[in-house]
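Everything below concerns the one structure shown next.
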Amino acid sequence: MSARIVLARGKEAPQFRRHPWVFANAVEHLNGRARPGDTVLVETHDGRVLGRAAWSPDSQIRARMWTFDADETIDDAFFRRRVTTAVARRAALPALAGQDGVRLVHGEADGLPGLVVDRYGDVLVMALNAAGVEKWREALLAALLRATGAAHVYERSDSDVRRLEGLEPRVGPLHGAPPASSVIREHGVRIAVDLVEGHKTGFYLDQRDNRRLTRDLAPGRRVLNCFCYTGGFTLQALAGGAREVLSVDSSGPALAAAQASLALNPALDATRARWRDADVFELLRELKSTDERFDLIILDPPKFAPSSAHAERAGRAYRDINRLGLQLLAPGGLLMTYSCSGGVSAERFRSFVAAAASDAGVDAVTLQHLQAGPDHPVALAAPEGEYLKGLLLMRN
Ligand code: SAH
């Protein structure tokens with residue numbers, strides 16, 4: 001007999017809308033006993049069953065919904081179905097055809113809350129970020145191997161989110177003999193991905209389509225790539241025919257990795273690439289004081305606001321770099337500006353950038369709204385999953 005969570009009266013609305021998270025303050029009580037990750041029934045105060053969820057007593061997200069079908073059993077076959085569907089969804093998307101680096105499972109949106117699986121060639125990197133998926137790790141691994149035929153699987157369950165679930169970090173090989181790094185091809189460019197030490201699962205796959213856009217916009221342009229990490233945007237700008245690319249990051253190892261990836265692409269003209277190990281906030285001021293101008297500027301900073309509680313402070317940081325970025329644009333120049341902060345909505349981000357333009361005394365128009373690629377789907381009922389948002393602006 002499963003334990004049951006009874007939702008507080010008036011707190012059921014998210015689950016009525018098929019939202020996957022049950023917050024601590026929505027739980028009236030737990031009937032029965034459940035350990036972290038156990039499957040529990042989710043009920044309204046008057047006994048209506050809304051579905052099944054994974055119990056996570058240490059997290060503010062007290063339970064994550066597996067299913068809104070009260071009759072669906074959570075067992076190995078359930079995970080096989082969910083994983084197969086997620087993999088098939090990517091196979092049906094032409095934009096992903098021929099890409100070595102693809103997110104195969106994107107947590108809540110794929111009905112597998114807390115699970116991330118990225119494919120880099122024939123290596124899968126799996127991250128288990130919640131108590132529920134941790135409990136089902138063997139079933140998930142078996143389902144992934146079956147659905148993909150992957151030769152190697154590496155675990156990167158070392159995100160901060162995992163700590164909030166009361167889980168220790170876990171990293172290491174899970175299947176086969178995964179290499180420490182993998183060279184992938186993205187839009188024809190070769191990039192080395194450090195699976196062991198790289199950010200997230202090794203690379204920012206969510207920016208794949210936007211890097212393609214950079215490539216298309218690059219011909220003849222003088223490009224400034226801020227927060228370049230391992231050079232994803234830089235390499236695409238060079239491949240697109242940028243006149244020059246200045247790439248900035250405060251991480252020496254990231255810059256070294258970027259240059260190593262550039263060397264894997266002899267067709268790209270490395271003499272057009274300049275690299276600066278610097279703080280972007282300071283470097284932008286320095287460039288401004290020397291009257292430098294660029295035709296295309298990319299601002300892809302780290303998460304300034306992990307939650308909405310940090311949105312105010314994050315707003316000041318976004319406003320600062322975007323003001324400087326806009327001022328450094330030549331007339332008719334383009335700014336690609338991003339926020340990957342879950343705590344900042346697309347509209348809030350737009351308002352920060354609009355304030356930055358006003359501070360800069362610059363007129364600009366939005367040409368395009370940018371987001372993560374289609375291998376990072378967003379649950380319709382949970383728009384906060386839309387963590388990456390961006391704008392392509394043109395300065396008048
Ligand atoms: N655009 C990259 C991902 C950026 S990740 C891609 O497409 O792959 C954010 C990067 O910002 C990290 O590499 C981190 O080292 C860098 N960073 C964080 N704070 C910084 C700062 N103040 N100045 C310069 N780089 C910074």
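Every chain in the structure tokens takes a letter, A first, then B, and so on in the order presented; its residues are numbered from 1, and the ligands are numbered from 1 following the presented order.
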
Enumerate as an mmCIF file with all heavy atoms, in the first residue's frame the residues within 9 Å of ligand 1, counting only C-alpha atoms and all ligand atoms.
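Done, and the output landed in pocket31.cif:
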data_model
loop_
_atom_site.group_PDB
_atom_site.id
_atom_site.type_symbol
_atom_site.label_atom_id
_atom_site.label_comp_id
_atom_site.auth_asym_id
_atom_site.auth_seq_id
_atom_site.Cartn_x
_atom_site.Cartn_y
_atom_site.Cartn_z
ATOM 1 N N HIS A 199 31.395 22.265 -17.156
ATOM 2 C CA HIS A 199 30.165 22.733 -16.510
ATOM 3 C C HIS A 199 28.992 21.826 -16.892
ATOM 4 O O HIS A 199 28.982 21.247 -17.965
ATOM 5 C CB HIS A 199 29.808 24.157 -16.967
ATOM 6 C CG HIS A 199 30.768 25.195 -16.458
ATOM 7 N ND1 HIS A 199 30.624 26.532 -16.718
ATOM 8 C CD2 HIS A 199 31.879 25.073 -15.700
ATOM 9 C CE1 HIS A 199 31.616 27.201 -16.148
ATOM 10 N NE2 HIS A 199 32.385 26.338 -15.537
ATOM 11 N N PHE A 203 28.992 20.656 -21.434
ATOM 12 C CA PHE A 203 28.857 21.670 -22.475
ATOM 13 C C PHE A 203 27.474 22.301 -22.370
ATOM 14 O O PHE A 203 26.553 21.691 -21.831
ATOM 15 C CB PHE A 203 29.029 20.982 -23.847
ATOM 16 C CG PHE A 203 29.242 21.908 -25.000
ATOM 17 C CD1 PHE A 203 30.201 22.900 -24.961
ATOM 18 C CD2 PHE A 203 28.491 21.760 -26.171
ATOM 19 C CE1 PHE A 203 30.402 23.747 -26.046
ATOM 20 C CE2 PHE A 203 28.687 22.591 -27.259
ATOM 21 C CZ PHE A 203 29.650 23.593 -27.193
ATOM 22 N N TYR A 204 27.334 23.532 -22.918
ATOM 23 C CA TYR A 204 26.030 24.208 -22.890
ATOM 24 C C TYR A 204 25.264 23.863 -24.161
ATOM 25 O O TYR A 204 25.184 24.663 -25.093
ATOM 26 C CB TYR A 204 26.221 25.718 -22.724
ATOM 27 C CG TYR A 204 26.706 26.082 -21.344
ATOM 28 C CD1 TYR A 204 28.056 26.086 -21.035
ATOM 29 C CD2 TYR A 204 25.804 26.379 -20.318
ATOM 30 C CE1 TYR A 204 28.516 26.386 -19.759
ATOM 31 C CE2 TYR A 204 26.252 26.680 -19.039
ATOM 32 C CZ TYR A 204 27.601 26.683 -18.777
ATOM 33 O OH TYR A 204 28.044 26.984 -17.507
ATOM 34 N N LEU A 205 24.691 22.674 -24.155
ATOM 35 C CA LEU A 205 23.952 22.225 -25.345
ATOM 36 C C LEU A 205 22.753 23.114 -25.631
ATOM 37 O O LEU A 205 22.289 23.198 -26.773
ATOM 38 C CB LEU A 205 23.472 20.781 -25.152
ATOM 39 C CG LEU A 205 24.560 19.693 -25.179
ATOM 40 C CD1 LEU A 205 23.960 18.343 -24.841
ATOM 41 C CD2 LEU A 205 25.229 19.655 -26.544
ATOM 42 N N ASP A 206 22.243 23.781 -24.591
ATOM 43 C CA ASP A 206 21.033 24.600 -24.772
ATOM 44 C C ASP A 206 21.242 25.755 -25.756
ATOM 45 O O ASP A 206 20.292 26.278 -26.318
ATOM 46 C CB ASP A 206 20.519 25.139 -23.420
ATOM 47 C CG ASP A 206 21.592 25.822 -22.585
ATOM 48 O OD1 ASP A 206 22.747 25.941 -23.042
ATOM 49 O OD2 ASP A 206 21.258 26.236 -21.455
ATOM 50 N N GLN A 207 22.507 26.149 -25.986
ATOM 51 C CA GLN A 207 22.773 27.280 -26.883
ATOM 52 C C GLN A 207 23.069 26.835 -28.318
ATOM 53 O O GLN A 207 23.464 27.655 -29.152
ATOM 54 C CB GLN A 207 23.967 28.101 -26.352
ATOM 55 C CG GLN A 207 23.676 28.865 -25.063
ATOM 56 C CD GLN A 207 22.885 30.133 -25.315
ATOM 57 O OE1 GLN A 207 22.136 30.234 -26.284
ATOM 58 N NE2 GLN A 207 23.033 31.110 -24.434
ATOM 59 N N ARG A 208 22.870 25.567 -28.641
ATOM 60 C CA ARG A 208 23.259 25.064 -29.967
ATOM 61 C C ARG A 208 22.643 25.881 -31.099
ATOM 62 O O ARG A 208 23.335 26.322 -32.018
ATOM 63 C CB ARG A 208 22.867 23.589 -30.126
ATOM 64 C CG ARG A 208 23.302 23.007 -31.479
ATOM 65 C CD ARG A 208 22.613 21.691 -31.835
ATOM 66 N NE ARG A 208 22.423 20.833 -30.705
ATOM 67 C CZ ARG A 208 21.306 20.720 -30.000
ATOM 68 N NH1 ARG A 208 20.236 21.402 -30.338
ATOM 69 N NH2 ARG A 208 21.226 19.932 -28.972
ATOM 70 N N ASN A 210 21.367 28.845 -31.030
ATOM 71 C CA ASN A 210 21.782 30.247 -31.007
ATOM 72 C C ASN A 210 23.207 30.402 -31.519
ATOM 73 O O ASN A 210 23.561 31.440 -32.085
ATOM 74 C CB ASN A 210 21.625 30.802 -29.590
ATOM 75 C CG ASN A 210 20.173 30.745 -29.142
ATOM 76 O OD1 ASN A 210 19.276 31.020 -29.947
ATOM 77 N ND2 ASN A 210 19.928 30.361 -27.904
ATOM 78 N N ARG A 211 24.022 29.368 -31.319
ATOM 79 C CA ARG A 211 25.366 29.414 -31.897
ATOM 80 C C ARG A 211 25.278 29.347 -33.424
ATOM 81 O O ARG A 211 26.041 29.980 -34.137
ATOM 82 C CB ARG A 211 26.225 28.279 -31.333
ATOM 83 C CG ARG A 211 26.654 28.548 -29.887
ATOM 84 C CD ARG A 211 27.683 27.555 -29.387
ATOM 85 N NE ARG A 211 27.134 26.256 -29.104
ATOM 86 C CZ ARG A 211 26.801 25.823 -27.894
ATOM 87 N NH1 ARG A 211 26.988 26.582 -26.822
ATOM 88 N NH2 ARG A 211 26.289 24.617 -27.720
ATOM 89 N N ASN A 225 32.754 38.135 -27.855
ATOM 90 C CA ASN A 225 32.038 37.050 -27.186
ATOM 91 C C ASN A 225 32.375 37.077 -25.699
ATOM 92 O O ASN A 225 33.463 36.678 -25.290
ATOM 93 C CB ASN A 225 32.442 35.702 -27.821
ATOM 94 C CG ASN A 225 31.727 34.526 -27.160
ATOM 95 O OD1 ASN A 225 30.766 34.722 -26.410
ATOM 96 N ND2 ASN A 225 32.189 33.310 -27.427
ATOM 97 N N CYS A 226 31.413 37.555 -24.878
ATOM 98 C CA CYS A 226 31.648 37.679 -23.439
ATOM 99 C C CYS A 226 31.140 36.448 -22.705
ATOM 100 O O CYS A 226 30.061 35.951 -23.011
ATOM 101 C CB CYS A 226 30.920 38.904 -22.898
ATOM 102 S SG CYS A 226 31.545 40.426 -23.593
ATOM 103 N N PHE A 227 31.884 35.986 -21.725
ATOM 104 C CA PHE A 227 31.587 34.748 -20.982
ATOM 105 C C PHE A 227 31.664 33.569 -21.964
ATOM 106 O O PHE A 227 30.730 32.782 -22.095
ATOM 107 C CB PHE A 227 30.200 34.799 -20.318
ATOM 108 C CG PHE A 227 29.942 36.039 -19.492
ATOM 109 C CD1 PHE A 227 29.242 37.115 -20.020
ATOM 110 C CD2 PHE A 227 30.407 36.128 -18.179
ATOM 111 C CE1 PHE A 227 28.990 38.257 -19.260
ATOM 112 C CE2 PHE A 227 30.159 37.261 -17.414
ATOM 113 C CZ PHE A 227 29.448 38.335 -17.949
ATOM 114 N N CYS A 228 32.803 33.463 -22.648
ATOM 115 C CA CYS A 228 32.897 32.539 -23.788
ATOM 116 C C CYS A 228 33.015 31.075 -23.397
ATOM 117 O O CYS A 228 32.842 30.198 -24.238
ATOM 118 C CB CYS A 228 34.072 32.933 -24.683
ATOM 119 S SG CYS A 228 35.691 32.629 -23.921
ATOM 120 N N TYR A 229 33.356 30.800 -22.108
ATOM 121 C CA TYR A 229 33.544 29.414 -21.649
ATOM 122 C C TYR A 229 34.473 28.675 -22.617
ATOM 123 O O TYR A 229 35.560 29.153 -22.895
ATOM 124 C CB TYR A 229 32.174 28.734 -21.487
ATOM 125 C CG TYR A 229 32.250 27.341 -20.878
ATOM 126 C CD1 TYR A 229 33.013 27.091 -19.739
ATOM 127 C CD2 TYR A 229 31.562 26.275 -21.453
ATOM 128 C CE1 TYR A 229 33.086 25.813 -19.196
ATOM 129 C CE2 TYR A 229 31.620 24.994 -20.909
ATOM 130 C CZ TYR A 229 32.391 24.783 -19.783
ATOM 131 O OH TYR A 229 32.454 23.512 -19.256
ATOM 132 N N THR A 230 34.068 27.534 -23.180
ATOM 133 C CA THR A 230 34.988 26.776 -24.031
ATOM 134 C C THR A 230 34.874 27.167 -25.511
ATOM 135 O O THR A 230 35.263 26.395 -26.392
ATOM 136 C CB THR A 230 34.785 25.257 -23.847
ATOM 137 O OG1 THR A 230 33.411 24.941 -24.110
ATOM 138 C CG2 THR A 230 35.125 24.821 -22.436
ATOM 139 N N GLY A 231 34.322 28.359 -25.757
ATOM 140 C CA GLY A 231 34.427 28.936 -27.095
ATOM 141 C C GLY A 231 33.359 28.527 -28.093
ATOM 142 O O GLY A 231 33.537 28.725 -29.300
ATOM 143 N N GLY A 232 32.241 28.000 -27.616
ATOM 144 C CA GLY A 232 31.192 27.559 -28.535
ATOM 145 C C GLY A 232 30.784 28.637 -29.539
ATOM 146 O O GLY A 232 30.800 28.422 -30.758
ATOM 147 N N PHE A 233 30.437 29.831 -29.037
ATOM 148 C CA PHE A 233 30.019 30.910 -29.943
ATOM 149 C C PHE A 233 31.205 31.405 -30.795
ATOM 150 O O PHE A 233 31.034 31.771 -31.958
ATOM 151 C CB PHE A 233 29.448 32.095 -29.155
ATOM 152 C CG PHE A 233 28.038 31.892 -28.659
ATOM 153 C CD1 PHE A 233 27.778 31.530 -27.340
ATOM 154 C CD2 PHE A 233 26.956 32.078 -29.510
ATOM 155 C CE1 PHE A 233 26.482 31.350 -26.881
ATOM 156 C CE2 PHE A 233 25.645 31.913 -29.063
ATOM 157 C CZ PHE A 233 25.416 31.542 -27.739
ATOM 158 N N THR A 234 32.383 31.400 -30.191
ATOM 159 C CA THR A 234 33.574 31.885 -30.903
ATOM 160 C C THR A 234 33.829 31.050 -32.155
ATOM 161 O O THR A 234 34.049 31.594 -33.249
ATOM 162 C CB THR A 234 34.806 31.779 -29.975
ATOM 163 O OG1 THR A 234 34.540 32.513 -28.778
ATOM 164 C CG2 THR A 234 36.064 32.303 -30.646
ATOM 165 N N VAL A 248 36.145 36.494 -24.204
ATOM 166 C CA VAL A 248 36.516 36.830 -22.830
ATOM 167 C C VAL A 248 35.908 35.861 -21.844
ATOM 168 O O VAL A 248 34.713 35.537 -21.923
ATOM 169 C CB VAL A 248 35.972 38.238 -22.459
ATOM 170 C CG1 VAL A 248 36.585 38.705 -21.153
ATOM 171 C CG2 VAL A 248 36.190 39.225 -23.577
ATOM 172 N N ASP A 249 36.739 35.413 -20.909
ATOM 173 C CA ASP A 249 36.240 34.614 -19.787
ATOM 174 C C ASP A 249 37.220 34.788 -18.635
ATOM 175 O O ASP A 249 38.393 35.072 -18.855
ATOM 176 C CB ASP A 249 36.113 33.134 -20.175
ATOM 177 C CG ASP A 249 35.109 32.392 -19.307
ATOM 178 O OD1 ASP A 249 35.450 32.045 -18.153
ATOM 179 O OD2 ASP A 249 33.965 32.156 -19.760
ATOM 180 N N SER A 250 36.732 34.583 -17.401
ATOM 181 C CA SER A 250 37.632 34.708 -16.252
ATOM 182 C C SER A 250 38.194 33.356 -15.838
ATOM 183 O O SER A 250 38.887 33.259 -14.836
ATOM 184 C CB SER A 250 36.889 35.361 -15.077
ATOM 185 O OG SER A 250 35.740 34.613 -14.776
ATOM 186 N N SER A 251 37.880 32.311 -16.611
ATOM 187 C CA SER A 251 38.406 30.986 -16.295
ATOM 188 C C SER A 251 39.527 30.626 -17.269
ATOM 189 O O SER A 251 39.281 30.426 -18.466
ATOM 190 C CB SER A 251 37.276 29.949 -16.359
ATOM 191 O OG SER A 251 37.809 28.658 -16.586
ATOM 192 N N GLY A 252 40.742 30.517 -16.735
ATOM 193 C CA GLY A 252 41.898 30.128 -17.553
ATOM 194 C C GLY A 252 41.699 28.765 -18.207
ATOM 195 O O GLY A 252 41.918 28.618 -19.422
ATOM 196 N N PRO A 253 41.268 27.747 -17.442
ATOM 197 C CA PRO A 253 41.061 26.430 -18.047
ATOM 198 C C PRO A 253 40.017 26.444 -19.167
ATOM 199 O O PRO A 253 40.189 25.768 -20.193
ATOM 200 C CB PRO A 253 40.574 25.564 -16.867
ATOM 201 C CG PRO A 253 41.112 26.246 -15.645
ATOM 202 C CD PRO A 253 41.145 27.706 -15.963
ATOM 203 N N ALA A 254 38.956 27.249 -19.020
ATOM 204 C CA ALA A 254 37.943 27.323 -20.085
ATOM 205 C C ALA A 254 38.559 27.914 -21.351
ATOM 206 O O ALA A 254 38.340 27.422 -22.466
ATOM 207 C CB ALA A 254 36.738 28.144 -19.626
ATOM 208 N N LEU A 255 39.375 28.970 -21.174
ATOM 209 C CA LEU A 255 40.009 29.598 -22.342
ATOM 210 C C LEU A 255 40.995 28.639 -23.016
ATOM 211 O O LEU A 255 41.073 28.580 -24.245
ATOM 212 C CB LEU A 255 40.739 30.878 -21.915
ATOM 213 C CG LEU A 255 39.821 32.045 -21.538
ATOM 214 C CD1 LEU A 255 40.603 33.127 -20.806
ATOM 215 C CD2 LEU A 255 39.143 32.616 -22.783
ATOM 216 N N ASP A 277 41.738 36.694 -20.714
ATOM 217 C CA ASP A 277 41.395 36.147 -19.405
ATOM 218 C C ASP A 277 41.085 37.353 -18.521
ATOM 219 O O ASP A 277 41.999 38.030 -18.049
ATOM 220 C CB ASP A 277 42.615 35.366 -18.883
ATOM 221 C CG ASP A 277 42.311 34.640 -17.580
ATOM 222 O OD1 ASP A 277 41.353 35.041 -16.888
ATOM 223 O OD2 ASP A 277 43.035 33.683 -17.268
ATOM 224 N N ALA A 278 39.819 37.662 -18.367
ATOM 225 C CA ALA A 278 39.459 38.897 -17.658
ATOM 226 C C ALA A 278 38.042 38.820 -17.116
ATOM 227 O O ALA A 278 37.238 37.977 -17.528
ATOM 228 C CB ALA A 278 39.567 40.089 -18.617
ATOM 229 N N ASP A 279 37.765 39.736 -16.180
ATOM 230 C CA ASP A 279 36.411 39.901 -15.669
ATOM 231 C C ASP A 279 35.634 40.735 -16.697
ATOM 232 O O ASP A 279 36.072 41.834 -17.062
ATOM 233 C CB ASP A 279 36.481 40.637 -14.328
ATOM 234 C CG ASP A 279 35.108 40.871 -13.746
ATOM 235 O OD1 ASP A 279 34.419 41.829 -14.179
ATOM 236 O OD2 ASP A 279 34.707 40.088 -12.875
ATOM 237 N N VAL A 280 34.510 40.205 -17.144
ATOM 238 C CA VAL A 280 33.764 40.887 -18.207
ATOM 239 C C VAL A 280 33.334 42.292 -17.786
ATOM 240 O O VAL A 280 33.406 43.233 -18.579
ATOM 241 C CB VAL A 280 32.540 40.042 -18.648
ATOM 242 C CG1 VAL A 280 31.568 40.866 -19.479
ATOM 243 C CG2 VAL A 280 32.991 38.808 -19.422
ATOM 244 N N PHE A 281 32.914 42.433 -16.526
ATOM 245 C CA PHE A 281 32.449 43.747 -16.065
ATOM 246 C C PHE A 281 33.565 44.790 -16.210
ATOM 247 O O PHE A 281 33.331 45.926 -16.599
ATOM 248 C CB PHE A 281 31.992 43.677 -14.596
ATOM 249 C CG PHE A 281 30.754 42.845 -14.400
ATOM 250 C CD1 PHE A 281 30.819 41.459 -14.297
ATOM 251 C CD2 PHE A 281 29.509 43.449 -14.329
ATOM 252 C CE1 PHE A 281 29.673 40.696 -14.121
ATOM 253 C CE2 PHE A 281 28.350 42.700 -14.151
ATOM 254 C CZ PHE A 281 28.441 41.314 -14.053
ATOM 255 N N GLU A 282 34.787 44.350 -15.898
ATOM 256 C CA GLU A 282 35.922 45.288 -16.005
ATOM 257 C C GLU A 282 36.348 45.480 -17.457
ATOM 258 O O GLU A 282 36.638 46.597 -17.882
ATOM 259 C CB GLU A 282 37.119 44.763 -15.199
ATOM 260 C CG GLU A 282 36.889 44.876 -13.708
ATOM 261 C CD GLU A 282 37.937 44.130 -12.886
ATOM 262 O OE1 GLU A 282 39.009 43.793 -13.440
ATOM 263 O OE2 GLU A 282 37.653 43.879 -11.703
ATOM 264 N N LEU A 283 36.376 44.382 -18.199
ATOM 265 C CA LEU A 283 36.864 44.473 -19.578
ATOM 266 C C LEU A 283 35.960 45.369 -20.431
ATOM 267 O O LEU A 283 36.431 46.156 -21.257
ATOM 268 C CB LEU A 283 36.980 43.096 -20.217
ATOM 269 C CG LEU A 283 37.579 43.240 -21.613
ATOM 270 C CD1 LEU A 283 39.096 43.217 -21.557
ATOM 271 C CD2 LEU A 283 37.060 42.216 -22.571
ATOM 272 N N ILE A 298 28.086 39.171 -27.982
ATOM 273 C CA ILE A 298 27.349 38.097 -27.317
ATOM 274 C C ILE A 298 27.576 38.229 -25.818
ATOM 275 O O ILE A 298 28.717 38.298 -25.361
ATOM 276 C CB ILE A 298 27.850 36.713 -27.804
ATOM 277 C CG1 ILE A 298 27.628 36.594 -29.315
ATOM 278 C CG2 ILE A 298 27.153 35.588 -27.056
ATOM 279 C CD1 ILE A 298 28.725 35.844 -30.019
ATOM 280 N N LEU A 299 26.479 38.274 -25.071
ATOM 281 C CA LEU A 299 26.555 38.318 -23.608
ATOM 282 C C LEU A 299 25.819 37.098 -23.073
ATOM 283 O O LEU A 299 24.589 37.065 -23.078
ATOM 284 C CB LEU A 299 25.878 39.582 -23.064
ATOM 285 C CG LEU A 299 26.488 40.944 -23.392
ATOM 286 C CD1 LEU A 299 25.586 42.065 -22.844
ATOM 287 C CD2 LEU A 299 27.890 41.066 -22.784
ATOM 288 N N ASP A 300 26.571 36.098 -22.650
ATOM 289 C CA ASP A 300 25.940 34.866 -22.143
ATOM 290 C C ASP A 300 26.479 34.560 -20.747
ATOM 291 O O ASP A 300 27.246 33.620 -20.555
ATOM 292 C CB ASP A 300 26.239 33.704 -23.112
ATOM 293 C CG ASP A 300 25.531 32.421 -22.700
ATOM 294 O OD1 ASP A 300 24.493 32.497 -22.009
ATOM 295 O OD2 ASP A 300 26.014 31.330 -23.076
ATOM 296 N N PRO A 301 26.092 35.383 -19.767
ATOM 297 C CA PRO A 301 26.678 35.269 -18.437
ATOM 298 C C PRO A 301 26.178 34.041 -17.673
ATOM 299 O O PRO A 301 25.195 33.426 -18.073
ATOM 300 C CB PRO A 301 26.196 36.547 -17.742
ATOM 301 C CG PRO A 301 24.913 36.881 -18.408
ATOM 302 C CD PRO A 301 25.072 36.444 -19.836
ATOM 303 N N PRO A 302 26.861 33.711 -16.562
ATOM 304 C CA PRO A 302 26.357 32.625 -15.711
ATOM 305 C C PRO A 302 25.047 33.067 -15.051
ATOM 306 O O PRO A 302 24.662 34.239 -15.134
ATOM 307 C CB PRO A 302 27.464 32.447 -14.677
ATOM 308 C CG PRO A 302 28.174 33.763 -14.624
ATOM 309 C CD PRO A 302 28.069 34.340 -16.005
ATOM 310 N N LYS A 303 24.415 32.121 -14.399
ATOM 311 C CA LYS A 303 23.150 32.372 -13.705
ATOM 312 C C LYS A 303 23.352 33.427 -12.624
ATOM 313 O O LYS A 303 23.964 33.154 -11.604
ATOM 314 C CB LYS A 303 22.761 31.036 -13.064
ATOM 315 C CG LYS A 303 21.358 30.865 -12.742
ATOM 316 C CD LYS A 303 20.916 29.419 -12.580
ATOM 317 C CE LYS A 303 21.819 28.483 -11.805
ATOM 318 N NZ LYS A 303 21.407 27.094 -11.860
#

Discussion item. With only C-alpha atoms as the counted atoms, please give the residues lying no more than 9 Å from Asp71 in chain A, apart from itself and same-chain residues fewer than 2 positions off, as number ranges by chain.
Written reply: A: 51-52, 68-69, 73

Item to complete: Name all residues at most 8 Å from Val193 in chain A (count only C-alpha atoms; drop same-chain ones fewer than 4 positions away) and give them as a list in words.
Response: Ser181, Ser182, Val183, Ile184, Gly198, Gly202 and Phe203 of chain A

Fill in: Close residues, Ala88 in chain A itself excluded, 10 Å, only C-alpha atoms, min 5 positions apart in chain, as a PyMOL selection string
chain A and resi 82-83+93+104+147-148

Expected file contents, prior selection, N, CA and C atoms, as a short mmCIF file (atom, residue, chain, number, x, y, z; two decimals), in the first residue's frame:
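again.cif, written as the output of this step:
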data_model
loop_
_atom_site.label_atom_id
_atom_site.label_comp_id
_atom_site.auth_asym_id
_atom_site.auth_seq_id
_atom_site.Cartn_x
_atom_site.Cartn_y
_atom_site.Cartn_z
N ARG A 82 8.81 6.16 -20.56
CA ARG A 82 9.17 7.59 -20.53
C ARG A 82 10.48 7.86 -21.28
N VAL A 83 11.46 7.00 -21.06
CA VAL A 83 12.76 7.21 -21.70
C VAL A 83 12.64 7.01 -23.21
N LEU A 93 12.90 15.30 -34.61
CA LEU A 93 13.14 16.73 -34.86
C LEU A 93 14.26 16.92 -35.88
N LEU A 104 18.95 14.35 -24.41
CA LEU A 104 17.96 13.30 -24.67
C LEU A 104 16.82 13.31 -23.66
N ALA A 147 17.14 2.16 -25.10
CA ALA A 147 16.59 3.11 -26.07
C ALA A 147 17.65 3.70 -27.00
N THR A 148 18.90 3.74 -26.55
CA THR A 148 19.93 4.42 -27.35
C THR A 148 21.01 3.49 -27.89
#

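Using only C-alpha atoms, the shortest contact distance between Ala311 in chain A and any of A:Arg323, A:Asn31, A:Ser339, A:Leu334 is found at A:Ser339.
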
Discussion item. Just list as a ChimeraX atom specification whatever in range 216-300 of chain A DSSP marks as strand (DSSP E or B).
Written reply: /A:222-226,244-249,273-277,294-299

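CA of Ala139 in chain A is positioned 13.3 Å from CA of His175 in chain A.
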
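Atom pair CA of Leu335 in chain A / CA of Leu380 in chain A: separated by 28.9 Å.
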
Discussion item. I want to know what sits within 10 Å of Ile61 in chain A, based on only C-alpha atoms, with residues of the same chain fewer than 3 positions away left out; could you give that as a ChimeraX atom specification?
Written reply: /A:20-26,55-58,64,130,164-165

Worksheet item: Taking into account only C-alpha atoms, which residue in the set A:Ala13, A:Ala192, A:Ala305, A:Val49 is nearest to Ser261 in chain A?
Response: A:Ala192

Worksheet item: By how many Å are CA of Arg170 in chain A and CA of Arg156 in chain A apart?
Response: 6.6 Å
